[in-house]
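Trainee: Here it is, the structure, as C-alpha cells.
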Amino acid sequence: MAEETKTPETGETPESRNFIHAFIDEDIAEGGQFQGKTVHTRFPPEPNGYLHIGHCKALSIDFGTAEKYNGMCNLRMDDTNPTKEDEEYVDAIKEDILWLGFTWDDRFYYASDYFDKMYEFAEGLIKQGLAYVCELTPEQMKEMRGDLTHPAQSPYRDRPAAESLDLFHRMKAGEFPNGAMTLRARIDLASGNFNLRDPALYRINHMAHHRTGDKWCIYPMYDFAHPIEDALEGITHSLCSLEFESHRPLYNWVRDHIPTEAKPRQIEFARLGINYTVMSKRKLRRLVEENVVSGWDDPRMPTICGLRRRGYTPASIRNFCDRIGVSKADSTVEFGFLEHCLREDLNMTAKRAMAVLRPIKLTITNYPEGKSEAFEVENNPERPEDGMRSVMFGRELFIEREDFMEEKVGKFFRLYPGNEVRLKGAYVVKCTGCVKDENGNVTEVLAEYDPDSRGGDPADGRKIKSTIHWVDAATAVDAEIRLYDNLFVDSDPDGEGKDFMTCLNPDSFETLTGCKVEQGLRDATFPAAFQFMRQGYFCLDNKDSAPGRLVFNRSVSLKDGFKK
RNA sequence: AGCGGGUUUGUGUAAUGGUAGCACACCGGACUCUGACUCCGUUUGUGAGGGUUCGAAUCCUUCACCCGCUGCCA
C-alpha cells in the first residue's frame with residue numbers, strides 16, 4: 001500500500017510532513033489559533049545582495065508550505081536599512097526567483113511601503129508607555145547593556161510619554177544627527193534574552209532610501225518592522241532561519257502590542273549548509289567587491305545566477321531543496337548531493353554531443369584519403385523525440401588520449417593494438433599501432449575500419465565490448481573548456497583568526513585549451529546543456545564565448561573511467 | 001555564567017509507544033552504441049547512564065557534547 005504512494009523520483013511519500021507542517025496542522029486544527037484561515041507565508045529577502053542556494057531552501061519552504069496548504073506566499077523586499085540596499089538587487093532577486101520557477105503573482109511588496117504605518121504604531125506604543133526615546137549613544141548603550149548576570153540600564157527609561165512623543169516627532173523631523181537617540185521598547189532590562197533588554201525600535205539615519213528617497217531620516221529596526229510587515233499582509237506563518245529563534249519573544253511582543261487583526265506565528269528552521277561552499281552573503285559580497293571572482297554570477301559562486309551559468313537547471317536546484325528536508329538541527333549537506341540532483345535532471349534533458357577534451361589523432365589507414373561521409377546520431381537516447389543530428393566522419397579523427405593504451409591494463413576495453421572498438425555512431429575500428437615522436441610520446445593512433453559496420457553494427461553481428469567518442473579532424477571546432485570547482489575548500493573557515501580569504505581553493509578553476517568539439521555546437525546557444533559522453537555535462541557559456549571560440553563550463557563531474 | 005535551541009549510519013532526513021526506513025556517498029558485481037546512465041547486492045546508526053512499560057529513537061530523569069544570542073544589521 002505504502003509502496004504505491006511513493007513517488008519514483010524521491011522515494012518519499014507525497015504526504016511526508018516536516019515539523020513545520022506539524023505546527024501548522026496544530027494551528028488549523030479544531031480549536032487552533034488559525035482554524036478556518038488560509039495559510040499565508042512570505043519570502044522576505046533584504047535587497048543587499050544576490051540570492052544563493054541557501055535562499056532557495058527558504059524559497060522552497062516558504063512557497064512550498066503555502067502550496068501544500070493551498071495558501072499563498074508573498075514576495076517582499078525587506079528594505080528597512082538604506083545603508084546597504086539597492087534597486088539593482090531587487091531586479092536581480094526577482095529574476096532569479098522567476099528563473100527558479102516560483103511565482104508571486106501580484107503579491108510583491110516592499111517593507112518600505114509600510115513606513116507610515118510603522119511610524120503610527122510606534123507613536124501608539126509611546127502613548128501606552130511601551131516605548132521611549134533614549135539618548136544613549138551607541139557606545140554608551142553598549143556599555144550599559146549589562147552582561148549575562150547583570151541587567152542593562154538606561155537613564156531615559158522613565159521619560160514621560162508626552163516627552164518621548166515630542167522627541168520622536170523631532171527625530172523624524174530631522175532635528176538630530178545620526179546616533180543621537182533611538183526609540184526603544186520598554187520590556188525588560190534584566191532579561192536573560194538580550195533581545196528583550198529594551199531593544200531599539202527606530203534609529204536615526206540621514207540617508208536616502210532607494211524607494212522613499214529623503215522622506216525619512218529615521219528607519220525601523222528589523223525586530224519592530226518584521227512582525228508589522230507580516231501582520232499587515234495577513235501572514236499566518238512567518239518562516240525564518242534559526243538565528244531568529246531568540247527574537248521570537250520580541251516578535252510576539254510587537255505583534256501583540258500593535259492594533260492589527262492578523263497575529264502571525266514565527267517558526268524557525270535550520271539554514272542550509274553545504275560543505276566546501278561559502279554560504280554567507282557578507283563573504284560572497286566580499287569576493288565580488290575585492291574582485292576575487294568576476295561577479296555575482298561567476299560560475300564558482302553558489303549564487304543562483306552563478307549556478308545558472310555553471311549549467312545548473314532550475315529543476316535540479318529545486319529538487320535538491322525539496323529533498324534535503326527541513327529540521328531544526330544544524331546540518332551540512334554534501335555538495336555531491338547537489339551534483340546528483342543535477343545529473344539526474346540533465347541525464348533526462350541534456351543533449352548528447354561529442355567533444356574531445358584531450359585530443360590525439362586517430363588515422364583510419366584503410367579509409368580513402370579525401371573521402372568524407374555523414375552519420376546520423378541520436379541527440380538523447382533517453383528521449384528519442386529529441387531527434388537526430390548529422391556528424392561528419394573522415395580518415396582523420398580526434399579521440400581522447402585516455403582511450404588509447406599501448407598495452408592493456410586491467411579492465412581496459414578501449415583502444416590497444418589488436419583490439420576493436422566502436423566509434424560512436426560510425427564504424428567499428430581495430431587498432432593497428434601508433435606513431436611516436438623522438439621522445440617516445442604517442443602522437444598518433446592508427447587503426448583500420450570495417451566497411452561492413454556502417455552505423456556501428458558489424459555485419460556479422462560480432463560483439464563489440466566498447467564504444468568511444470570521436471570528432472572529425474577536418475570539421476572539428478576548437479573550444480575551450482573550463483572545469484569549475486567550488487571557490488571554497490576549508491571546512492572550518494571561521495577557525496581562530498583565520499581570514500576566510502586565505503581558505504579559498506586556489507584550484508577552483510581549470511581551463512582546457514585545444515579541445516575539439518562537433519561542428520554543430522557552433523550554433524548552440526546558452527543555456528543549452530550537453531553531455532559530452534563520458535566527460536560529463538557542460539553548458540555553453542555565451543557570456544565568455546567570442547566569435548570563433550567556444551567556451552564551455554563543466555557543470556558536474558562524472559565518475560571516473562575504467563578501474564585498473 | 002543567563003536565555004533559547006539541538007543530538008537517528010560517512011552525509012541529509014523518516015519513524016510521534018509497536019519490524020529503525022529512504023536518498024546521497026562508499027564498496028562489490030552486472031549491463032551498455034562509451035565504463036555515463038541503468039540495474040543488483042553488502043557494510044555502517046538512535047550521544048551516555050538510570051527509570052516507566054509487555055514493548056522506548058519516541059515518555060520521565062541525570063549527564064555529556066554542539067549551536068545561537070550582549071548591532072542604532074537583517
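Ligands are numbered from 1 in the order shown, chains are lettered A, B, ... in the order of the C-alpha cells, and residues start at 1 in each chain.
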Within 7 Å of chain B, which residues of chain A show up when using only C-alpha atoms (C1' of nucleotides), listed as a PDB file with N, CA and C atoms, in the first residue's frame?
Mentor:
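Saved as result_31.pdb:
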ATOM      1  N   GLY A  11      11.284   8.613  -3.780  1.00  0.00           N
ATOM      2  CA  GLY A  11      11.036   7.546  -2.840  1.00  0.00           C
ATOM      3  C   GLY A  11      10.331   8.025  -1.590  1.00  0.00           C
ATOM      4  N   GLU A  12       9.935   9.299  -1.602  1.00  0.00           N
ATOM      5  CA  GLU A  12       9.249   9.830  -0.430  1.00  0.00           C
ATOM      6  C   GLU A  12       7.747   9.790  -0.673  1.00  0.00           C
ATOM      7  N   GLU A  46      16.417  40.734   1.991  1.00  0.00           N
ATOM      8  CA  GLU A  46      16.858  42.114   2.037  1.00  0.00           C
ATOM      9  C   GLU A  46      17.602  42.373   0.731  1.00  0.00           C
ATOM     10  N   PRO A 138      25.510  55.043  20.765  1.00  0.00           N
ATOM     11  CA  PRO A 138      25.754  53.613  20.544  1.00  0.00           C
ATOM     12  C   PRO A 138      26.797  53.067  21.518  1.00  0.00           C
ATOM     13  N   ARG A 145      24.741  47.833  28.453  1.00  0.00           N
ATOM     14  CA  ARG A 145      23.959  46.667  28.052  1.00  0.00           C
ATOM     15  C   ARG A 145      23.904  45.606  29.156  1.00  0.00           C
ATOM     16  N   ASP A 147      25.513  42.316  31.304  1.00  0.00           N
ATOM     17  CA  ASP A 147      26.045  41.059  30.788  1.00  0.00           C
ATOM     18  C   ASP A 147      25.150  39.923  31.240  1.00  0.00           C
ATOM     19  N   LEU A 148      25.671  38.710  31.160  1.00  0.00           N
ATOM     20  CA  LEU A 148      24.845  37.548  31.447  1.00  0.00           C
ATOM     21  C   LEU A 148      24.188  37.615  32.816  1.00  0.00           C
ATOM     22  N   THR A 149      24.890  38.231  33.760  1.00  0.00           N
ATOM     23  CA  THR A 149      24.341  38.227  35.116  1.00  0.00           C
ATOM     24  C   THR A 149      23.932  39.610  35.621  1.00  0.00           C
ATOM     25  N   GLY A 179      22.673  58.626  15.333  1.00  0.00           N
ATOM     26  CA  GLY A 179      23.208  58.075  16.577  1.00  0.00           C
ATOM     27  C   GLY A 179      22.873  58.849  17.831  1.00  0.00           C
ATOM     28  N   THR A 182      17.555  56.950  20.055  1.00  0.00           N
ATOM     29  CA  THR A 182      16.775  55.863  19.472  1.00  0.00           C
ATOM     30  C   THR A 182      15.428  55.795  20.164  1.00  0.00           C
ATOM     31  N   GLY A 192      17.196  37.524  30.466  1.00  0.00           N
ATOM     32  CA  GLY A 192      18.306  36.681  30.044  1.00  0.00           C
ATOM     33  C   GLY A 192      18.408  36.672  28.526  1.00  0.00           C
ATOM     34  N   ASN A 193      17.339  37.023  27.886  1.00  0.00           N
ATOM     35  CA  ASN A 193      17.313  37.166  26.426  1.00  0.00           C
ATOM     36  C   ASN A 193      17.607  38.626  26.099  1.00  0.00           C
ATOM     37  N   PHE A 194      18.801  38.873  25.591  1.00  0.00           N
ATOM     38  CA  PHE A 194      19.233  40.260  25.357  1.00  0.00           C
ATOM     39  C   PHE A 194      18.333  41.009  24.393  1.00  0.00           C
ATOM     40  N   ALA A 200      16.150  48.568  20.555  1.00  0.00           N
ATOM     41  CA  ALA A 200      15.889  49.740  19.718  1.00  0.00           C
ATOM     42  C   ALA A 200      14.823  49.392  18.688  1.00  0.00           C
ATOM     43  N   ARG A 203      16.071  53.924  14.602  1.00  0.00           N
ATOM     44  CA  ARG A 203      17.339  54.632  14.699  1.00  0.00           C
ATOM     45  C   ARG A 203      17.323  55.777  13.698  1.00  0.00           C
ATOM     46  N   TYR A 222      14.685  45.812  12.238  1.00  0.00           N
ATOM     47  CA  TYR A 222      14.093  44.548  11.811  1.00  0.00           C
ATOM     48  C   TYR A 222      13.076  44.014  12.815  1.00  0.00           C
ATOM     49  N   GLU A 243      18.610  31.561  13.508  1.00  0.00           N
ATOM     50  CA  GLU A 243      19.220  32.623  14.299  1.00  0.00           C
ATOM     51  C   GLU A 243      18.198  33.630  14.813  1.00  0.00           C
ATOM     52  N   SER A 246      15.773  33.372  19.075  1.00  0.00           N
ATOM     53  CA  SER A 246      15.754  34.159  20.306  1.00  0.00           C
ATOM     54  C   SER A 246      15.097  35.530  20.095  1.00  0.00           C
ATOM     55  N   ILE A 324      16.415  17.743   0.625  1.00  0.00           N
ATOM     56  CA  ILE A 324      17.311  17.806   1.779  1.00  0.00           C
ATOM     57  C   ILE A 324      16.543  17.857   3.091  1.00  0.00           C
ATOM     58  N   GLY A 325      15.242  18.112   3.009  1.00  0.00           N
ATOM     59  CA  GLY A 325      14.451  18.077   4.220  1.00  0.00           C
ATOM     60  C   GLY A 325      14.541  19.357   5.031  1.00  0.00           C
ATOM     61  N   ALA A 329      17.908  21.013  13.340  1.00  0.00           N
ATOM     62  CA  ALA A 329      19.278  20.627  13.675  1.00  0.00           C
ATOM     63  C   ALA A 329      20.242  21.209  12.650  1.00  0.00           C
ATOM     64  N   VAL A 333      24.926  19.595   4.227  1.00  0.00           N
ATOM     65  CA  VAL A 333      24.637  18.661   3.150  1.00  0.00           C
ATOM     66  C   VAL A 333      25.879  18.521   2.288  1.00  0.00           C
ATOM     67  N   GLU A 334      26.079  17.334   1.734  1.00  0.00           N
ATOM     68  CA  GLU A 334      27.237  17.140   0.870  1.00  0.00           C
ATOM     69  C   GLU A 334      26.989  17.751  -0.496  1.00  0.00           C
ATOM     70  N   PHE A 337      25.538  15.774  -3.327  1.00  0.00           N
ATOM     71  CA  PHE A 337      24.101  15.521  -3.472  1.00  0.00           C
ATOM     72  C   PHE A 337      23.479  16.517  -4.460  1.00  0.00           C
ATOM     73  N   LYS A 424      31.469   5.694 -31.883  1.00  0.00           N
ATOM     74  CA  LYS A 424      30.057   6.031 -31.667  1.00  0.00           C
ATOM     75  C   LYS A 424      29.340   6.459 -32.956  1.00  0.00           C
ATOM     76  N   GLY A 425      28.373   5.673 -33.337  1.00  0.00           N
ATOM     77  CA  GLY A 425      27.541   6.039 -34.473  1.00  0.00           C
ATOM     78  C   GLY A 425      28.149   5.829 -35.851  1.00  0.00           C
ATOM     79  N   GLY A 456      27.827   1.436 -37.022  1.00  0.00           N
ATOM     80  CA  GLY A 456      28.331   0.916 -35.753  1.00  0.00           C
ATOM     81  C   GLY A 456      28.021  -0.535 -35.494  1.00  0.00           C
ATOM     82  N   SER A 466      33.301  -2.265 -26.428  1.00  0.00           N
ATOM     83  CA  SER A 466      33.399  -0.872 -26.018  1.00  0.00           C
ATOM     84  C   SER A 466      33.121   0.107 -27.150  1.00  0.00           C
ATOM     85  N   THR A 467      32.663   1.268 -26.779  1.00  0.00           N
ATOM     86  CA  THR A 467      32.378   2.323 -27.741  1.00  0.00           C
ATOM     87  C   THR A 467      33.088   3.587 -27.272  1.00  0.00           C
ATOM     88  N   ILE A 468      33.670   4.318 -28.177  1.00  0.00           N
ATOM     89  CA  ILE A 468      34.306   5.580 -27.772  1.00  0.00           C
ATOM     90  C   ILE A 468      33.792   6.733 -28.637  1.00  0.00           C
ATOM     91  N   MET A 533      29.417  12.764 -23.537  1.00  0.00           N
ATOM     92  CA  MET A 533      29.659  11.358 -23.289  1.00  0.00           C
ATOM     93  C   MET A 533      30.263  11.119 -21.909  1.00  0.00           C
ATOM     94  N   ARG A 534      31.341  10.391 -21.835  1.00  0.00           N
ATOM     95  CA  ARG A 534      31.898  10.089 -20.512  1.00  0.00           C
ATOM     96  C   ARG A 534      32.394  11.317 -19.778  1.00  0.00           C
ATOM     97  N   GLY A 561      36.644   6.786 -15.161  1.00  0.00           N
ATOM     98  CA  GLY A 561      36.527   5.707 -16.134  1.00  0.00           C
ATOM     99  C   GLY A 561      36.866   4.324 -15.613  1.00  0.00           C
ATOM    100  N   PHE A 562      37.638   3.588 -16.383  1.00  0.00           N
ATOM    101  CA  PHE A 562      37.863   2.187 -16.040  1.00  0.00           C
ATOM    102  C   PHE A 562      38.715   2.046 -14.772  1.00  0.00           C
TER     103      PHE A 562
END
Trainee: Check the DSSP output for the backbone and give back, as a PyMOL selection string, the residues of region 46-242 of chain A in strand (DSSP E or B).
Mentor: chain A and resi 52+72-77+108-110+131-134+182-185+200-204+209+213+218-220+237-241
Trainee: Keeping only N, CA and C atoms, write those residues as an mmCIF file, in the first residue's frame.
Mentor:
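What landed in again-v3.cif:
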data_model
loop_
_atom_site.group_PDB
_atom_site.id
_atom_site.type_symbol
_atom_site.label_atom_id
_atom_site.label_comp_id
_atom_site.auth_asym_id
_atom_site.auth_seq_id
_atom_site.Cartn_x
_atom_site.Cartn_y
_atom_site.Cartn_z
ATOM 1 N N HIS A 52 21.445 33.175 -3.118
ATOM 2 C CA HIS A 52 22.260 31.986 -3.306
ATOM 3 C C HIS A 52 21.430 30.749 -3.000
ATOM 4 N N MET A 72 -1.024 31.024 0.076
ATOM 5 C CA MET A 72 -0.284 31.942 -0.782
ATOM 6 C C MET A 72 1.039 32.309 -0.128
ATOM 7 N N CYS A 73 1.984 32.719 -0.971
ATOM 8 C CA CYS A 73 3.255 33.190 -0.454
ATOM 9 C C CYS A 73 3.591 34.523 -1.109
ATOM 10 N N ASN A 74 3.846 35.527 -0.307
ATOM 11 C CA ASN A 74 4.209 36.846 -0.832
ATOM 12 C C ASN A 74 5.704 36.950 -1.058
ATOM 13 N N LEU A 75 6.078 37.812 -1.981
ATOM 14 C CA LEU A 75 7.482 38.186 -2.126
ATOM 15 C C LEU A 75 7.606 39.602 -1.580
ATOM 16 N N ARG A 76 8.498 39.779 -0.630
ATOM 17 C CA ARG A 76 8.626 41.101 -0.005
ATOM 18 C C ARG A 76 10.088 41.497 0.140
ATOM 19 N N MET A 77 10.408 42.670 -0.303
ATOM 20 C CA MET A 77 11.756 43.190 -0.120
ATOM 21 C C MET A 77 11.829 43.825 1.266
ATOM 22 N N PHE A 108 3.638 41.295 -4.576
ATOM 23 C CA PHE A 108 5.003 41.784 -4.431
ATOM 24 C C PHE A 108 4.978 43.060 -3.593
ATOM 25 N N TYR A 109 5.739 43.069 -2.517
ATOM 26 C CA TYR A 109 5.683 44.209 -1.598
ATOM 27 C C TYR A 109 7.075 44.680 -1.181
ATOM 28 N N TYR A 110 7.080 45.868 -0.633
ATOM 29 C CA TYR A 110 8.304 46.402 -0.020
ATOM 30 C C TYR A 110 7.990 46.713 1.437
ATOM 31 N N ALA A 131 7.109 52.383 24.920
ATOM 32 C CA ALA A 131 8.346 52.730 24.220
ATOM 33 C C ALA A 131 8.759 54.133 24.640
ATOM 34 N N TYR A 132 10.073 54.407 24.573
ATOM 35 C CA TYR A 132 10.575 55.708 24.982
ATOM 36 C C TYR A 132 11.789 56.097 24.153
ATOM 37 N N VAL A 133 12.025 57.375 24.076
ATOM 38 C CA VAL A 133 13.194 57.849 23.352
ATOM 39 C C VAL A 133 14.382 57.847 24.302
ATOM 40 N N CYS A 134 15.457 57.214 23.863
ATOM 41 C CA CYS A 134 16.649 57.061 24.677
ATOM 42 C C CYS A 134 17.792 57.834 24.030
ATOM 43 N N THR A 182 17.555 56.950 20.055
ATOM 44 C CA THR A 182 16.775 55.863 19.472
ATOM 45 C C THR A 182 15.428 55.795 20.164
ATOM 46 N N LEU A 183 14.504 55.141 19.485
ATOM 47 C CA LEU A 183 13.255 54.810 20.156
ATOM 48 C C LEU A 183 13.434 53.381 20.642
ATOM 49 N N ARG A 184 13.164 53.170 21.917
ATOM 50 C CA ARG A 184 13.347 51.838 22.480
ATOM 51 C C ARG A 184 12.056 51.282 23.065
ATOM 52 N N ALA A 185 11.896 49.982 22.972
ATOM 53 C CA ALA A 185 10.738 49.335 23.601
ATOM 54 C C ALA A 185 11.029 49.184 25.087
ATOM 55 N N ALA A 200 16.150 48.568 20.555
ATOM 56 C CA ALA A 200 15.889 49.740 19.718
ATOM 57 C C ALA A 200 14.823 49.392 18.688
ATOM 58 N N LEU A 201 13.913 50.314 18.498
ATOM 59 C CA LEU A 201 12.837 50.143 17.518
ATOM 60 C C LEU A 201 13.091 51.004 16.280
ATOM 61 N N TYR A 202 13.647 52.196 16.536
ATOM 62 C CA TYR A 202 13.956 53.130 15.446
ATOM 63 C C TYR A 202 15.330 53.718 15.676
ATOM 64 N N ARG A 203 16.071 53.924 14.602
ATOM 65 C CA ARG A 203 17.339 54.632 14.699
ATOM 66 C C ARG A 203 17.323 55.777 13.698
ATOM 67 N N ILE A 204 18.187 56.751 13.949
ATOM 68 C CA ILE A 204 18.290 57.895 13.050
ATOM 69 C C ILE A 204 19.338 57.577 11.995
ATOM 70 N N HIS A 209 16.819 56.666 0.901
ATOM 71 C CA HIS A 209 16.386 55.279 0.740
ATOM 72 C C HIS A 209 16.105 55.026 -0.736
ATOM 73 N N GLY A 213 13.398 57.771 -0.867
ATOM 74 C CA GLY A 213 14.217 58.976 -1.030
ATOM 75 C C GLY A 213 14.551 59.622 0.299
ATOM 76 N N ILE A 218 14.564 58.542 9.870
ATOM 77 C CA ILE A 218 14.545 57.516 10.908
ATOM 78 C C ILE A 218 14.013 56.239 10.256
ATOM 79 N N TYR A 219 14.613 55.127 10.600
ATOM 80 C CA TYR A 219 14.216 53.858 9.993
ATOM 81 C C TYR A 219 13.960 52.809 11.068
ATOM 82 N N PRO A 220 12.921 51.987 10.859
ATOM 83 C CA PRO A 220 12.582 50.960 11.858
ATOM 84 C C PRO A 220 13.593 49.820 11.829
ATOM 85 N N HIS A 237 1.957 32.365 8.932
ATOM 86 C CA HIS A 237 3.153 31.678 9.414
ATOM 87 C C HIS A 237 4.387 32.319 8.812
ATOM 88 N N SER A 238 5.195 32.879 9.699
ATOM 89 C CA SER A 238 6.387 33.600 9.291
ATOM 90 C C SER A 238 7.586 32.671 9.491
ATOM 91 N N LEU A 239 8.030 32.075 8.395
ATOM 92 C CA LEU A 239 9.080 31.060 8.487
ATOM 93 C C LEU A 239 10.447 31.696 8.269
ATOM 94 N N CYS A 240 11.352 31.455 9.192
ATOM 95 C CA CYS A 240 12.664 32.077 9.087
ATOM 96 C C CYS A 240 13.725 31.134 9.625
ATOM 97 N N SER A 241 14.970 31.548 9.538
ATOM 98 C CA SER A 241 16.038 30.659 9.957
ATOM 99 C C SER A 241 16.319 30.768 11.454
#
Trainee: What's the 10 Å shell around Asp507 (chain A), counting only C-alpha atoms (C1' of nucleotides), without same-chain residues fewer than 4 positions away, as a ChimeraX atom specification?
Mentor: /A:483-489
Trainee: Write a file of the just-selected residues containing all heavy atoms, as a PDB file, in the first residue's frame.
Mentor:
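Saved file result23.pdb follows:
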ATOM      1  N   LEU A 483      36.739  23.771 -16.235  1.00  0.00           N
ATOM      2  CA  LEU A 483      36.274  22.862 -15.208  1.00  0.00           C
ATOM      3  C   LEU A 483      36.227  23.648 -13.914  1.00  0.00           C
ATOM      4  O   LEU A 483      37.253  24.106 -13.421  1.00  0.00           O
ATOM      5  CB  LEU A 483      37.242  21.681 -15.087  1.00  0.00           C
ATOM      6  CG  LEU A 483      37.596  21.012 -16.422  1.00  0.00           C
ATOM      7  CD1 LEU A 483      38.628  19.916 -16.204  1.00  0.00           C
ATOM      8  CD2 LEU A 483      36.352  20.433 -17.081  1.00  0.00           C
ATOM      9  N   TYR A 484      35.032  23.826 -13.405  1.00  0.00           N
ATOM     10  CA  TYR A 484      34.870  24.636 -12.213  1.00  0.00           C
ATOM     11  C   TYR A 484      34.710  23.802 -10.957  1.00  0.00           C
ATOM     12  O   TYR A 484      33.959  22.837 -10.923  1.00  0.00           O
ATOM     13  CB  TYR A 484      33.636  25.537 -12.342  1.00  0.00           C
ATOM     14  CG  TYR A 484      33.851  26.675 -13.276  1.00  0.00           C
ATOM     15  CD1 TYR A 484      33.238  26.711 -14.514  1.00  0.00           C
ATOM     16  CD2 TYR A 484      34.672  27.730 -12.914  1.00  0.00           C
ATOM     17  CE1 TYR A 484      33.433  27.769 -15.380  1.00  0.00           C
ATOM     18  CE2 TYR A 484      34.873  28.797 -13.775  1.00  0.00           C
ATOM     19  CZ  TYR A 484      34.250  28.806 -15.006  1.00  0.00           C
ATOM     20  OH  TYR A 484      34.445  29.858 -15.839  1.00  0.00           O
ATOM     21  N   ASP A 485      35.386  24.243  -9.924  1.00  0.00           N
ATOM     22  CA  ASP A 485      35.214  23.646  -8.611  1.00  0.00           C
ATOM     23  C   ASP A 485      34.648  24.752  -7.735  1.00  0.00           C
ATOM     24  O   ASP A 485      34.606  25.908  -8.137  1.00  0.00           O
ATOM     25  CB  ASP A 485      36.571  23.178  -8.084  1.00  0.00           C
ATOM     26  CG  ASP A 485      36.438  22.060  -7.073  1.00  0.00           C
ATOM     27  OD1 ASP A 485      35.344  21.943  -6.478  1.00  0.00           O
ATOM     28  OD2 ASP A 485      37.411  21.324  -6.880  1.00  0.00           O
ATOM     29  N   ASN A 486      34.237  24.410  -6.546  1.00  0.00           N
ATOM     30  CA  ASN A 486      33.784  25.463  -5.651  1.00  0.00           C
ATOM     31  C   ASN A 486      34.976  26.310  -5.250  1.00  0.00           C
ATOM     32  O   ASN A 486      36.089  25.843  -5.171  1.00  0.00           O
ATOM     33  CB  ASN A 486      33.118  24.876  -4.416  1.00  0.00           C
ATOM     34  CG  ASN A 486      31.695  24.488  -4.708  1.00  0.00           C
ATOM     35  OD1 ASN A 486      31.174  24.822  -5.767  1.00  0.00           O
ATOM     36  ND2 ASN A 486      31.071  23.779  -3.794  1.00  0.00           N
ATOM     37  N   LEU A 487      34.686  27.571  -4.939  1.00  0.00           N
ATOM     38  CA  LEU A 487      35.735  28.505  -4.594  1.00  0.00           C
ATOM     39  C   LEU A 487      36.364  28.194  -3.254  1.00  0.00           C
ATOM     40  O   LEU A 487      37.471  28.578  -2.955  1.00  0.00           O
ATOM     41  CB  LEU A 487      35.126  29.908  -4.514  1.00  0.00           C
ATOM     42  CG  LEU A 487      35.691  30.950  -5.455  1.00  0.00           C
ATOM     43  CD1 LEU A 487      35.185  32.299  -5.051  1.00  0.00           C
ATOM     44  CD2 LEU A 487      37.194  30.919  -5.475  1.00  0.00           C
ATOM     45  N   PHE A 488      35.619  27.483  -2.438  1.00  0.00           N
ATOM     46  CA  PHE A 488      35.965  27.354  -1.046  1.00  0.00           C
ATOM     47  C   PHE A 488      36.244  25.912  -0.691  1.00  0.00           C
ATOM     48  O   PHE A 488      35.497  25.036  -1.062  1.00  0.00           O
ATOM     49  CB  PHE A 488      34.766  27.850  -0.257  1.00  0.00           C
ATOM     50  CG  PHE A 488      35.089  28.244   1.125  1.00  0.00           C
ATOM     51  CD1 PHE A 488      36.064  29.172   1.367  1.00  0.00           C
ATOM     52  CD2 PHE A 488      34.407  27.684   2.170  1.00  0.00           C
ATOM     53  CE1 PHE A 488      36.350  29.555   2.655  1.00  0.00           C
ATOM     54  CE2 PHE A 488      34.682  28.058   3.457  1.00  0.00           C
ATOM     55  CZ  PHE A 488      35.656  28.997   3.706  1.00  0.00           C
ATOM     56  N   VAL A 489      37.328  25.635  -0.001  1.00  0.00           N
ATOM     57  CA  VAL A 489      37.587  24.247   0.351  1.00  0.00           C
ATOM     58  C   VAL A 489      37.725  24.008   1.837  1.00  0.00           C
ATOM     59  O   VAL A 489      37.496  22.926   2.325  1.00  0.00           O
ATOM     60  CB  VAL A 489      38.861  23.701  -0.327  1.00  0.00           C
ATOM     61  CG1 VAL A 489      38.638  23.571  -1.799  1.00  0.00           C
ATOM     62  CG2 VAL A 489      40.040  24.587  -0.025  1.00  0.00           C
TER      63      VAL A 489
END
Trainee: How far is it from CA of Ile267 (chain A) to CA of Leu51 (chain A), in Å with one decimal?
Mentor: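 It comes out at 21.4 Å.
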Trainee: Step one, run DSSP on the backbone; step two, keep only residues of region 208-377 of chain A assigned to alpha helix (DSSP H); then write them as a ChimeraX atom specification.
Mentor: /A:222-232,248-257,281-289,304-309,314-323,335-349
